[in-house]
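What follows is the content of start.cif, which has mmCIF, C-alpha atoms and all ligand atoms:
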data_upload
#
loop_
_atom_site.label_atom_id
_atom_site.label_comp_id
_atom_site.auth_asym_id
_atom_site.auth_seq_id
_atom_site.Cartn_x
_atom_site.Cartn_y
_atom_site.Cartn_z
CA MET A 81 0.00 0.00 0.00
CA ALA A 82 1.59 3.23 -1.11
CA ASP A 83 0.55 6.63 0.10
CA PRO A 84 -0.03 8.53 -3.17
CA GLY A 85 1.93 11.57 -1.95
CA LYS A 86 4.91 9.44 -0.88
CA PHE A 87 4.71 7.58 -4.16
CA CYS A 88 4.99 10.87 -6.07
CA ASP A 89 7.85 11.99 -3.80
CA LYS A 90 9.64 8.77 -4.71
CA LEU A 91 9.15 9.46 -8.42
CA ALA A 92 10.57 12.96 -8.00
CA GLU A 93 13.55 11.63 -6.00
CA ASN A 94 14.26 9.32 -8.92
CA GLY A 95 14.40 12.20 -11.37
CA ILE A 96 10.85 12.30 -12.74
CA SER A 97 10.08 15.95 -13.47
CA ILE A 98 6.95 16.05 -15.65
CA ALA A 99 3.68 14.09 -15.71
CA THR A 100 0.95 13.55 -18.28
CA GLY A 101 -2.07 11.31 -18.30
CA VAL A 102 -5.75 10.50 -18.42
CA PRO A 103 -7.53 9.91 -15.09
CA GLY A 104 -8.93 6.66 -13.69
CA SER A 105 -10.39 5.74 -10.31
CA ILE A 106 -7.32 3.87 -8.98
CA ILE A 107 -4.86 6.60 -10.00
CA LYS A 108 -6.95 9.67 -9.18
CA LYS A 109 -5.24 10.45 -5.87
CA ALA A 110 -1.79 9.98 -7.36
CA ILE A 111 -2.70 12.41 -10.16
CA ALA A 112 -3.88 14.92 -7.55
CA SER A 113 -0.62 14.49 -5.60
CA VAL A 114 1.70 14.70 -8.58
CA GLN A 115 0.33 18.12 -9.47
CA ASP A 116 1.71 19.53 -6.20
CA ARG A 117 5.18 18.33 -7.14
CA MET A 118 5.61 18.90 -10.88
CA GLU A 119 3.82 20.01 -14.03
CA TYR A 120 0.97 17.69 -15.04
CA VAL A 121 -0.39 17.89 -18.61
CA ALA A 122 -3.98 16.67 -18.64
CA CYS A 123 -4.64 14.74 -21.85
CA ASN A 124 -7.64 13.73 -23.92
CA ARG A 125 -6.39 10.28 -24.78
CA GLU A 126 -3.53 7.98 -23.79
CA ASP A 127 -1.66 8.11 -27.10
CA GLU A 128 -1.44 11.88 -26.74
CA ALA A 129 -0.22 11.47 -23.15
CA VAL A 130 2.56 9.12 -24.29
CA ALA A 131 3.55 11.47 -27.12
CA ILE A 132 3.73 14.60 -24.95
CA ALA A 133 5.78 12.68 -22.37
CA SER A 134 8.07 11.40 -25.11
CA GLY A 135 8.67 14.90 -26.48
CA ALA A 136 9.66 16.04 -23.00
CA ALA A 137 11.97 13.00 -22.73
CA LEU A 138 13.61 13.90 -26.05
CA ALA A 139 14.34 17.34 -24.62
CA GLY A 140 15.88 15.90 -21.45
CA LYS A 141 13.17 15.27 -18.85
CA LEU A 142 12.19 11.97 -17.30
CA PRO A 143 8.39 11.75 -17.62
CA VAL A 144 5.65 9.70 -16.03
CA VAL A 145 2.34 8.89 -17.75
CA PHE A 146 -0.75 8.03 -15.67
CA LEU A 147 -3.38 5.86 -17.34
CA GLN A 148 -5.86 3.10 -16.64
CA ASN A 149 -5.62 -0.29 -18.36
CA SER A 150 -8.65 0.57 -20.51
CA GLY A 151 -6.42 3.15 -22.22
CA LEU A 152 -3.47 0.89 -22.91
CA GLY A 153 -4.77 0.14 -26.40
CA TYR A 154 -4.60 3.82 -27.32
CA ALA A 155 -1.11 4.07 -25.83
CA LEU A 156 0.28 1.04 -27.67
CA SER A 157 0.57 2.74 -31.05
CA PRO A 158 3.15 5.33 -29.93
CA LEU A 159 4.76 2.89 -27.47
CA LEU A 160 5.44 0.43 -30.31
CA THR A 161 6.16 2.89 -33.13
CA LEU A 162 7.84 5.78 -31.28
CA ASN A 163 9.30 4.84 -27.88
CA MET A 164 10.49 1.37 -28.81
CA VAL A 165 11.75 2.43 -32.25
CA TYR A 166 13.87 5.39 -31.13
CA GLY A 167 14.51 4.21 -27.56
CA ILE A 168 12.66 6.93 -25.63
CA PRO A 169 12.29 6.15 -21.90
CA ILE A 170 9.02 6.93 -20.12
CA LEU A 171 7.45 5.52 -16.95
CA LEU A 172 3.85 4.30 -17.18
CA VAL A 173 1.72 4.13 -14.04
CA ILE A 174 -1.26 1.97 -15.00
CA GLY A 175 -4.34 1.69 -12.80
CA TRP A 176 -5.18 -2.02 -13.03
CA ARG A 177 -8.94 -2.39 -13.02
CA GLY A 178 -10.29 -5.90 -13.37
CA ARG A 179 -7.36 -7.75 -11.85
CA SER A 180 -9.85 -9.39 -9.52
CA ARG A 181 -13.63 -8.91 -9.29
CA ASP A 182 -14.53 -5.58 -10.89
CA ALA A 183 -17.05 -3.97 -13.22
CA PRO A 184 -17.77 -5.95 -16.42
CA GLU A 185 -16.06 -3.44 -18.73
CA HIS A 186 -12.74 -4.09 -16.96
CA ARG A 187 -12.81 -7.87 -16.80
CA VAL A 188 -11.33 -8.66 -20.20
CA SER A 189 -8.72 -5.89 -20.32
CA GLY A 190 -7.81 -6.55 -16.67
CA LYS A 191 -7.32 -10.25 -17.26
CA ARG A 192 -5.24 -9.66 -20.40
CA LEU A 193 -3.18 -6.68 -19.18
CA VAL A 194 0.00 -8.57 -18.34
CA ALA A 195 -0.18 -10.69 -21.50
CA VAL A 196 -0.56 -7.57 -23.66
CA LEU A 197 2.40 -5.85 -21.98
CA GLU A 198 4.52 -8.96 -22.36
CA ALA A 199 3.57 -9.37 -26.01
CA ALA A 200 4.58 -5.74 -26.50
CA GLY A 201 7.90 -6.29 -24.73
CA ILE A 202 7.21 -3.73 -22.01
CA SER A 203 8.74 -4.50 -18.59
CA HIS A 204 6.23 -4.28 -15.76
CA TYR A 205 6.18 -4.35 -11.95
CA THR A 206 3.17 -4.50 -9.67
CA LEU A 207 2.74 -2.09 -6.78
CA GLY A 208 2.22 -4.04 -3.58
CA LYS A 209 3.86 -4.23 -0.17
CA GLY A 210 7.38 -3.49 -1.36
CA TRP A 211 6.25 -0.60 -3.51
CA LYS A 212 9.47 1.41 -3.19
CA ALA A 213 11.49 -1.45 -4.62
CA ALA A 214 8.99 -1.77 -7.49
CA VAL A 215 9.39 1.93 -8.33
CA GLU A 216 13.16 1.63 -8.26
CA LYS A 217 13.19 -1.49 -10.42
CA ALA A 218 10.89 0.07 -13.01
CA MET A 219 12.97 3.26 -13.13
CA ALA A 220 16.21 1.30 -13.44
CA LYS A 221 14.78 -0.80 -16.27
CA MET A 222 13.45 2.21 -18.14
CA LYS A 223 16.83 3.94 -17.92
CA SER A 224 19.02 0.92 -18.73
CA LYS A 225 16.86 -0.13 -21.71
CA SER A 226 16.04 3.46 -22.72
CA ALA A 227 12.50 2.20 -23.16
CA PRO A 228 9.08 2.43 -21.51
CA ALA A 229 8.53 0.52 -18.25
CA ALA A 230 5.23 0.07 -16.41
CA LEU A 231 4.12 0.10 -12.79
CA LEU A 232 0.79 -1.70 -12.40
CA VAL A 233 -1.47 -0.53 -9.59
CA PRO A 234 -4.38 -2.82 -8.65
CA TRP A 235 -7.09 -1.76 -6.19
CA GLY A 236 -5.33 -1.37 -2.84
CA GLY A 237 -1.99 -0.50 -4.44
CA PHE A 238 -2.52 3.09 -3.34
CA ASP A 239 -3.95 3.99 0.07
CA GLU A 240 -7.60 4.88 -0.29
CA MET B 10 2.34 24.92 -54.50
CA ASN B 11 3.30 21.31 -53.98
CA ARG B 12 4.83 19.64 -50.91
CA GLN B 13 8.39 20.24 -52.03
CA GLN B 14 7.81 23.95 -52.62
CA ALA B 15 6.03 24.29 -49.27
CA ILE B 16 8.82 22.48 -47.38
CA ARG B 17 11.43 24.65 -49.09
CA ALA B 18 9.55 27.81 -48.11
CA ILE B 19 9.27 26.63 -44.50
CA SER B 20 12.98 25.70 -44.50
CA SER B 21 13.97 29.19 -45.63
CA TRP B 22 11.86 30.69 -42.81
CA LEU B 23 13.35 28.46 -40.06
CA THR B 24 16.11 29.79 -37.81
CA ASP B 25 17.08 27.66 -34.80
CA GLU B 26 13.66 26.19 -33.99
CA LEU B 27 13.26 22.54 -33.05
CA VAL B 28 11.10 20.83 -35.69
CA VAL B 29 8.96 17.71 -35.35
CA SER B 30 7.76 16.42 -38.74
CA CYS B 31 5.17 13.71 -39.31
CA ASN B 32 5.63 10.27 -40.83
CA GLY B 33 5.47 9.62 -44.56
CA LEU B 34 6.38 11.92 -47.42
CA ILE B 35 6.59 15.09 -45.31
CA SER B 36 9.57 13.91 -43.22
CA ARG B 37 11.20 12.47 -46.32
CA GLU B 38 10.88 15.78 -48.11
CA LEU B 39 12.20 17.76 -45.14
CA ALA B 40 15.15 15.39 -44.72
CA SER B 41 16.13 15.83 -48.34
CA ALA B 42 15.45 19.58 -48.57
CA HIS B 43 16.85 20.80 -45.26
CA ASP B 44 18.37 18.15 -43.03
CA ARG B 45 19.54 19.53 -39.68
CA PRO B 46 20.06 18.05 -36.19
CA GLY B 47 17.11 20.00 -34.81
CA ASN B 48 14.67 18.05 -37.02
CA PHE B 49 12.90 15.10 -35.40
CA TYR B 50 11.67 12.91 -38.25
CA MET B 51 8.75 10.81 -37.11
CA LEU B 52 8.76 7.38 -38.75
CA GLY B 53 5.65 5.99 -37.05
CA SER B 54 3.25 7.32 -34.37
CA MET B 55 1.01 8.87 -37.03
CA GLY B 56 -0.98 11.86 -35.79
CA LEU B 57 1.24 12.69 -32.85
CA ALA B 58 3.73 15.23 -34.28
CA SER B 59 2.09 18.20 -32.57
CA SER B 60 1.81 16.29 -29.27
CA ILE B 61 5.51 15.35 -29.36
CA ALA B 62 6.30 18.98 -30.21
CA LEU B 63 4.22 20.16 -27.23
CA GLY B 64 6.22 17.83 -24.99
CA VAL B 65 9.48 19.17 -26.42
CA SER B 66 8.31 22.72 -25.66
CA LYS B 67 7.75 21.69 -22.02
CA ALA B 68 11.42 20.82 -21.62
CA SER B 69 13.39 23.02 -24.02
CA GLN B 70 13.95 26.77 -24.13
CA LYS B 71 13.86 26.81 -27.93
CA LYS B 72 10.95 27.59 -30.21
CA VAL B 73 9.18 24.54 -31.59
CA VAL B 74 7.55 23.86 -34.95
CA ALA B 75 5.33 20.88 -35.82
CA ILE B 76 4.85 20.06 -39.52
CA GLU B 77 2.25 17.48 -40.47
CA GLY B 78 -0.26 16.44 -43.12
CA ASP B 79 -4.03 16.78 -42.96
CA GLY B 80 -4.43 13.02 -42.46
CA ASN B 81 -2.05 13.18 -39.54
CA LEU B 82 -3.86 16.05 -37.83
CA LEU B 83 -7.26 14.46 -38.37
CA MET B 84 -6.05 11.30 -36.62
CA ASN B 85 -5.34 13.30 -33.42
CA LEU B 86 -7.63 16.30 -33.83
CA ASN B 87 -8.08 16.62 -30.07
CA THR B 88 -4.50 17.94 -29.97
CA LEU B 89 -5.91 21.33 -31.03
CA ALA B 90 -7.77 21.56 -27.71
CA THR B 91 -4.69 20.60 -25.69
CA ILE B 92 -2.32 22.98 -27.46
CA ALA B 93 -4.76 25.91 -27.48
CA THR B 94 -5.37 25.59 -23.73
CA GLU B 95 -1.79 24.74 -22.71
CA LYS B 96 -0.70 27.92 -24.55
CA PRO B 97 2.95 26.97 -25.10
CA GLY B 98 5.25 29.88 -26.01
CA GLY B 99 7.06 29.94 -29.38
CA PHE B 100 4.92 27.15 -30.82
CA THR B 101 4.00 27.01 -34.51
CA HIS B 102 1.81 24.25 -35.95
CA ILE B 103 1.99 23.91 -39.75
CA VAL B 104 -0.33 21.63 -41.70
CA LEU B 105 0.31 20.74 -45.33
CA ASP B 106 -3.19 19.99 -46.56
CA ASN B 107 -3.52 18.10 -49.84
CA ASN B 108 -6.87 16.57 -48.84
CA VAL B 109 -5.42 13.06 -49.28
CA TYR B 110 -3.23 10.45 -47.61
CA GLU B 111 -0.65 10.82 -50.31
CA SER B 112 1.98 8.66 -48.61
CA THR B 113 -0.25 5.62 -48.90
CA GLY B 114 -1.64 6.13 -52.38
CA GLY B 115 -3.77 9.27 -52.39
CA GLN B 116 -6.94 8.10 -50.67
CA GLY B 117 -9.21 11.01 -49.67
CA THR B 118 -9.24 12.55 -46.18
CA ARG B 119 -11.91 14.65 -44.47
CA SER B 120 -9.92 17.89 -44.44
CA SER B 121 -12.57 19.78 -46.44
CA ILE B 122 -14.16 20.78 -43.10
CA GLY B 123 -11.42 23.46 -42.92
CA LEU B 124 -8.68 22.64 -40.43
CA ASP B 125 -7.82 26.31 -39.93
CA GLY B 126 -11.39 26.89 -38.72
CA MET B 127 -10.92 24.10 -36.18
CA ALA B 128 -7.71 25.70 -34.88
CA LYS B 129 -9.41 29.07 -34.64
CA ALA B 130 -12.37 27.58 -32.78
CA ALA B 131 -9.99 25.84 -30.38
CA GLY B 132 -8.35 29.16 -29.54
CA TYR B 133 -4.99 29.33 -31.32
CA MET B 134 -3.65 32.87 -31.03
CA TYR B 135 -2.81 33.17 -34.74
CA VAL B 136 -4.36 31.30 -37.65
CA ALA B 137 -3.47 31.80 -41.32
CA ARG B 138 -4.08 29.99 -44.57
CA ALA B 139 -1.95 30.01 -47.72
CA SER B 140 -2.16 28.36 -51.11
CA ASP B 141 0.97 29.60 -52.85
CA VAL B 142 4.61 30.02 -51.86
CA GLY B 143 4.40 33.80 -51.43
CA GLY B 144 1.31 33.42 -49.27
CA LEU B 145 2.96 30.74 -47.14
CA ILE B 146 6.00 32.89 -46.46
CA ALA B 147 3.73 35.82 -45.58
CA ALA B 148 1.68 33.58 -43.28
CA LEU B 149 4.83 32.38 -41.50
CA ASP B 150 6.24 35.90 -41.25
CA GLY B 151 2.96 36.94 -39.68
CA VAL B 152 3.48 34.63 -36.70
CA LYS B 153 5.82 37.15 -35.03
CA GLY B 154 5.85 35.56 -31.61
CA LYS B 155 2.12 34.87 -31.41
CA SER B 156 1.65 31.43 -29.90
CA PRO B 157 0.31 28.90 -30.39
CA ALA B 158 0.18 29.70 -34.11
CA PHE B 159 -1.46 27.61 -36.81
CA VAL B 160 -0.60 27.85 -40.51
CA LEU B 161 -2.60 25.86 -43.04
CA ALA B 162 -0.79 25.41 -46.35
CA LYS B 163 -3.13 24.13 -49.03
CA ILE B 164 -0.92 22.09 -51.33
CA ASP B 165 -1.36 20.20 -54.59
CA THR B 166 -0.67 16.50 -54.78
CA GLY B 167 2.32 15.21 -56.68
CA GLY B 168 5.74 16.76 -57.04
CA SER B 169 8.77 14.91 -55.86
CA ALA B 170 8.94 11.57 -54.09
CA GLN B 171 12.01 11.42 -51.91
CA PRO B 172 13.66 8.27 -50.54
CA ARG B 173 13.23 7.14 -46.93
CA VAL B 174 14.88 9.22 -44.23
CA PRO B 175 18.45 7.89 -44.43
CA LEU B 176 19.17 7.97 -40.68
CA PRO B 177 18.74 5.29 -38.00
CA PRO B 178 16.14 6.26 -35.37
CA GLN B 179 18.71 6.49 -32.56
CA VAL B 180 20.74 8.96 -34.57
CA ILE B 181 17.66 11.10 -35.21
CA ARG B 182 16.96 10.98 -31.46
CA ASP B 183 20.43 11.77 -30.21
CA ARG B 184 21.21 14.70 -32.46
CA PHE B 185 17.75 16.17 -31.82
CA SER B 186 18.14 15.76 -28.04
CA LYS B 187 21.49 17.49 -28.18
CA GLU B 188 19.95 20.45 -30.05
CA ALA B 189 17.09 20.55 -27.54
CA GLY B 190 19.60 20.69 -24.70
CA GLY B 191 18.47 17.36 -23.34
CA LEU B 192 20.95 14.64 -24.20
CA HIS B 193 23.33 15.36 -21.39
CA GLU B 194 20.71 15.25 -18.68
CA ARG B 195 19.15 12.08 -20.00
CA ASP B 196 22.46 10.32 -20.55
CA SER B 197 23.73 11.10 -17.11
CA SER B 198 20.56 9.67 -15.61
CA ILE B 199 20.89 6.42 -17.56
C1 LIG A 301 -1.53 4.57 -37.09
C2 LIG A 301 -1.20 4.50 -38.53
N1 LIG A 301 -2.17 4.30 -39.43
C3 LIG A 301 -1.86 4.27 -40.76
C4 LIG A 301 -0.57 4.44 -41.19
C5 LIG A 301 -0.23 4.40 -42.66
N2 LIG A 301 0.11 5.75 -43.15
C6 LIG A 301 1.39 6.20 -43.25
S1 LIG A 301 1.51 7.74 -43.87
C7 LIG A 301 -0.16 7.85 -44.03
C8 LIG A 301 -0.81 9.04 -44.65
C9 LIG A 301 -0.45 10.36 -44.04
O1 LIG A 301 -1.32 11.32 -44.59
P1 LIG A 301 -1.11 12.87 -44.43
O2 LIG A 301 -0.80 13.20 -43.03
O3 LIG A 301 -2.30 13.57 -45.02
O4 LIG A 301 0.20 13.22 -45.27
P2 LIG A 301 0.54 12.97 -46.83
O5 LIG A 301 0.86 11.52 -46.96
O6 LIG A 301 -0.63 13.38 -47.66
O7 LIG A 301 1.75 13.82 -47.04
C10 LIG A 301 -0.80 6.67 -43.59
C11 LIG A 301 -2.25 6.46 -43.61
C12 LIG A 301 0.41 4.63 -40.19
N3 LIG A 301 1.71 4.82 -40.52
N4 LIG A 301 0.08 4.65 -38.90
#
Do you think you could lay out the structure here as structure tokens?
Amino acid sequence: MADPGKFCDKLAENGISIATGVPGSIIKKAIASVQDRMEYVACNREDEAVAIASGAALAGKLPVVFLQNSGLGYALSPLLTLNMVYGIPILLVIGWRGRSRDAPEHRVSGKRLVAVLEAAGISHYTLGKGWKAAVEKAMAKMKSKSAPAALLVPWGGFDE
Amino acid sequence: MNRQQAIRAISSWLTDELVVSCNGLISRELASAHDRPGNFYMLGSMGLASSIALGVSKASQKKVVAIEGDGNLLMNLNTLATIATEKPGGFTHIVLDNNVYESTGGQGTRSSIGLDGMAKAAGYMYVARASDVGGLIAALDGVKGKSPAFVLAKIDTGGSAQPRVPLPPQVIRDRFSKEAGGLHERDSSI
């Protein structure tokens, strides 16, 4: 269980200096907290959020993108044809609806989330008890591979 | 005015701006007409040139120019809302509108709705339209620091067909990042 404010402090300590994203119920408190610590660019869709983050990365920032698993499909186009072609590192924080019992619209995408990320070749870590280690591993992977890496946040991953 | 003439006119207007150009024939034309380290040639991620450019403007002190086709803009039309409300400084958005997806064989697009009207409705601070080289240069000269600015260049189809951008993606990235002032910071964090 991560306190959303402490989670965002941890991102900032690791060099993250700009955020983009589209809201979701699991990530809403983290999005509120991140705005007290750095610029947050509110986006219309997840592909746009990835692209704005990637532009900032090209110009020297380390960005984080907040999204919910329902939006991963939109994000995949730039992840596969921009970030993974040029090697542009960004951190994805994905609210994981439908990992266990959840609303019907999240069941399929929640069940398939890990398989989709693995098929796409995107490293992923799940936020649980040892959340600080998960953040550090994801950041280290994103930097060493110069590629996107994902932190998955199921219900309970952030303090309510 | 065809694509080549439009790209040449834009090239002669550029000073030290960072440029993000869309996938397909537009990046190819820019790479052959006016290659420079400050050009980021998109190879994929269709539609997202202006979004990448907005991100660049969040992290670099330099002025930023996005150049894309009408098919590209229509794929990510919501970008007009984001850019108009984010109000980046020194940001110019240029659309080369031939009313087709020329890179993939000339299939029609929906640009007849008037993309400059969409930019104006969204709230861009400067909107201009041109259909010949003189008009395009005048439209670009009219930007004069107004931002975000939108310039619609109505172009004819046809003209030249340039080869693929002859640079590996990592080279495009690294020389662009260096121009943007970002490579050092990112490298040291890796
Ligand atoms: C997401 C996605 N869909 C389709 C394509 C195929 N594609 C490449 S270029 C292009 C057309 C671009 O049209 P436009 O922006 O109007 O520029 P023009 O080719 O006319 O210069 C298309 C459809 C692609 N690269 N990516």
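For segment 210-214 of chain A, the residues within 8 Å (counting only C-alpha atoms, excluding itself and residues fewer than 2 positions away along the chain) are A:Met81, A:Ala82, A:Phe87, A:Lys90, A:Tyr205, A:Thr206, A:Leu207, A:Gly208, A:Glu216, A:Lys217, A:Ala218, A:Leu231.
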**OP:** Within 10 Å of ligand LIG 301 (chain A), which residues show up when you count all atoms listed in the file? List them as a ChimeraX atom specification, please.
**Re:** /A:157-158,161 /B:12,31-38,51-57,76-84,104-120,164-167
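The shortest atom-to-atom distance to chain B, with all atoms listed in the file taken into account, belongs to A:Ser134 out of A:Ser134, A:Ser189, A:Ser113, A:Ser180.
Of the residues listed (A:Ile107, A:Ala229, A:Val196, A:Ala99), A:Ile107 shows the shortest atom-to-atom separation from Gln148 of chain A; distances use all atoms listed in the file.
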**OP:** Compute the chain B side of the contact with chain A at 10 Å, counting only C-alpha atoms, and hand it back as JSON, numbers by chain.
**Re:** {"B": [27, 29, 49, 51, 52, 53, 54, 55, 56, 57, 58, 59, 60, 61, 62, 63, 64, 65, 66, 67, 68, 69, 70, 85, 87, 88, 90, 91, 95, 177, 178, 179, 180, 181, 182, 183, 184, 185, 186, 187, 188, 189, 190, 191, 192, 193, 194, 195, 196, 197, 198, 199]}
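Counting all atoms listed in the file, Asp89 of chain A has the following residues at most 12 Å away, ignoring those fewer than 3 positions along the same chain: Ala82, Asp83, Pro84, Gly85, Lys86, Ala92, Glu93, Asn94, Gly95, Ile96, Ser97, Ala110, Ser113, Val114, Gln115, Asp116, Arg117, Met118, Lys212 and Val215 of chain A.
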Would you export the selected residues with C-alpha atoms as a PDB file, in the coordinates of the input, please?
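Everything below was put into result_23.pdb:
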ATOM      1  CA  ALA A  82       1.590   3.230  -1.110  1.00  0.00           C
ATOM      2  CA  ASP A  83       0.550   6.630   0.100  1.00  0.00           C
ATOM      3  CA  PRO A  84      -0.030   8.530  -3.170  1.00  0.00           C
ATOM      4  CA  GLY A  85       1.930  11.570  -1.950  1.00  0.00           C
ATOM      5  CA  LYS A  86       4.910   9.440  -0.880  1.00  0.00           C
ATOM      6  CA  ALA A  92      10.570  12.960  -8.000  1.00  0.00           C
ATOM      7  CA  GLU A  93      13.550  11.630  -6.000  1.00  0.00           C
ATOM      8  CA  ASN A  94      14.260   9.320  -8.920  1.00  0.00           C
ATOM      9  CA  GLY A  95      14.400  12.200 -11.370  1.00  0.00           C
ATOM     10  CA  ILE A  96      10.850  12.300 -12.740  1.00  0.00           C
ATOM     11  CA  SER A  97      10.080  15.950 -13.470  1.00  0.00           C
ATOM     12  CA  ALA A 110      -1.790   9.980  -7.360  1.00  0.00           C
ATOM     13  CA  SER A 113      -0.620  14.490  -5.600  1.00  0.00           C
ATOM     14  CA  VAL A 114       1.700  14.700  -8.580  1.00  0.00           C
ATOM     15  CA  GLN A 115       0.330  18.120  -9.470  1.00  0.00           C
ATOM     16  CA  ASP A 116       1.710  19.530  -6.200  1.00  0.00           C
ATOM     17  CA  ARG A 117       5.180  18.330  -7.140  1.00  0.00           C
ATOM     18  CA  MET A 118       5.610  18.900 -10.880  1.00  0.00           C
ATOM     19  CA  LYS A 212       9.470   1.410  -3.190  1.00  0.00           C
ATOM     20  CA  VAL A 215       9.390   1.930  -8.330  1.00  0.00           C
TER      21      VAL A 215
END
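What separates atom CA of Arg138 of chain B from atom CA of Pro172 of chain B is a distance of 28.7 Å.
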Subject >> Among listed residues B:Ala40, B:Ile92, B:Val28, B:Pro175, nearest Val74 of chain B (using all atoms listed in the file) >> reply: B:Val28
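Across the model, the gap from atom CA of Ala75 of chain B to atom CA of Glu26 of chain B is 10.0 Å.
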Any chance you could work out the axis-aligned box around segment 144-156 of chain B, listed atoms only, 3 Å on each side, giving centre and edge lengths in Å to one decimal, as lines of an AutoDock Vina configuration file?
center_x = 3.8
center_y = 33.9
center_z = -39.6
size_x = 10.9
size_y = 12.4
size_z = 25.4
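Computed from the coordinates, the atom CA of Leu91 of chain A to atom CA of Ile170 of chain A distance equals 12.0 Å.
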**OP:** Fewer than 3 positions away in the same chain doesn't count, so skip those; otherwise give me all residues within 8 Å of segment 153-161 of chain B, counting only C-alpha atoms, as a PyMOL selection string.
**Re:** chain B and resi 92-93+96-106+124-125+128+133-139+148-150
**OP:** Please provide the set of residues having any atom within 6 Å of Val233 of chain A, restricted to all atoms listed in the file, with same-chain residues fewer than 4 positions apart removed, written as a PyMOL selection string.
**Re:** chain A and resi 174-176+207+237
Let me see the file: selected residues, C-alpha atoms, as a PDB file, in the coordinates of the input.
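Result file is result-v3.pdb:
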ATOM      1  CA  ILE A 174      -1.260   1.970 -15.000  1.00  0.00           C
ATOM      2  CA  GLY A 175      -4.340   1.690 -12.800  1.00  0.00           C
ATOM      3  CA  TRP A 176      -5.180  -2.020 -13.030  1.00  0.00           C
ATOM      4  CA  LEU A 207       2.740  -2.090  -6.780  1.00  0.00           C
ATOM      5  CA  GLY A 237      -1.990  -0.500  -4.440  1.00  0.00           C
TER       6      GLY A 237
END
Original post:
Of the residues A:Ala195, A:Gly190, A:Leu172, A:His204, which is the one nearest to Val145 of chain A, using all atoms listed in the file?
Top reply: A:Leu172
May I ask you to restore N, CA, C and O atoms in segment 30-40 of chain B and write the result as a compact mmCIF listing (two decimals), in the coordinates of the input?
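Written out: rebuild13.txt:
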# COMPACT_ATOMS: atom_id res chain seq x y z
N SER B 30 8.50 16.61 -37.49
CA SER B 30 7.76 16.42 -38.74
C SER B 30 7.13 15.03 -38.77
O SER B 30 7.69 14.07 -38.25
N CYS B 31 5.97 14.95 -39.39
CA CYS B 31 5.17 13.71 -39.31
C CYS B 31 5.73 12.63 -40.22
O CYS B 31 6.59 12.86 -41.08
N ASN B 32 5.20 11.43 -40.05
CA ASN B 32 5.63 10.27 -40.83
C ASN B 32 5.20 10.41 -42.29
O ASN B 32 4.33 11.20 -42.63
N GLY B 33 5.84 9.63 -43.15
CA GLY B 33 5.47 9.62 -44.56
C GLY B 33 6.27 10.62 -45.37
O GLY B 33 7.40 10.99 -45.02
N LEU B 34 5.66 11.10 -46.44
CA LEU B 34 6.38 11.92 -47.42
C LEU B 34 6.88 13.25 -46.85
O LEU B 34 7.87 13.79 -47.32
N ILE B 35 6.20 13.77 -45.82
CA ILE B 35 6.59 15.09 -45.31
C ILE B 35 7.98 15.03 -44.66
O ILE B 35 8.85 15.85 -44.94
N SER B 36 8.23 14.03 -43.81
CA SER B 36 9.57 13.91 -43.22
C SER B 36 10.61 13.60 -44.29
O SER B 36 11.73 14.11 -44.24
N ARG B 37 10.25 12.79 -45.24
CA ARG B 37 11.20 12.47 -46.32
C ARG B 37 11.61 13.74 -47.07
O ARG B 37 12.78 13.96 -47.38
N GLU B 38 10.61 14.55 -47.36
CA GLU B 38 10.88 15.78 -48.11
C GLU B 38 11.74 16.74 -47.29
O GLU B 38 12.69 17.33 -47.81
N LEU B 39 11.42 16.86 -46.01
CA LEU B 39 12.20 17.76 -45.14
C LEU B 39 13.64 17.25 -45.01
O LEU B 39 14.59 18.04 -45.07
N ALA B 40 13.80 15.95 -44.87
CA ALA B 40 15.15 15.39 -44.72
C ALA B 40 15.98 15.63 -45.97
O ALA B 40 17.18 15.85 -45.90
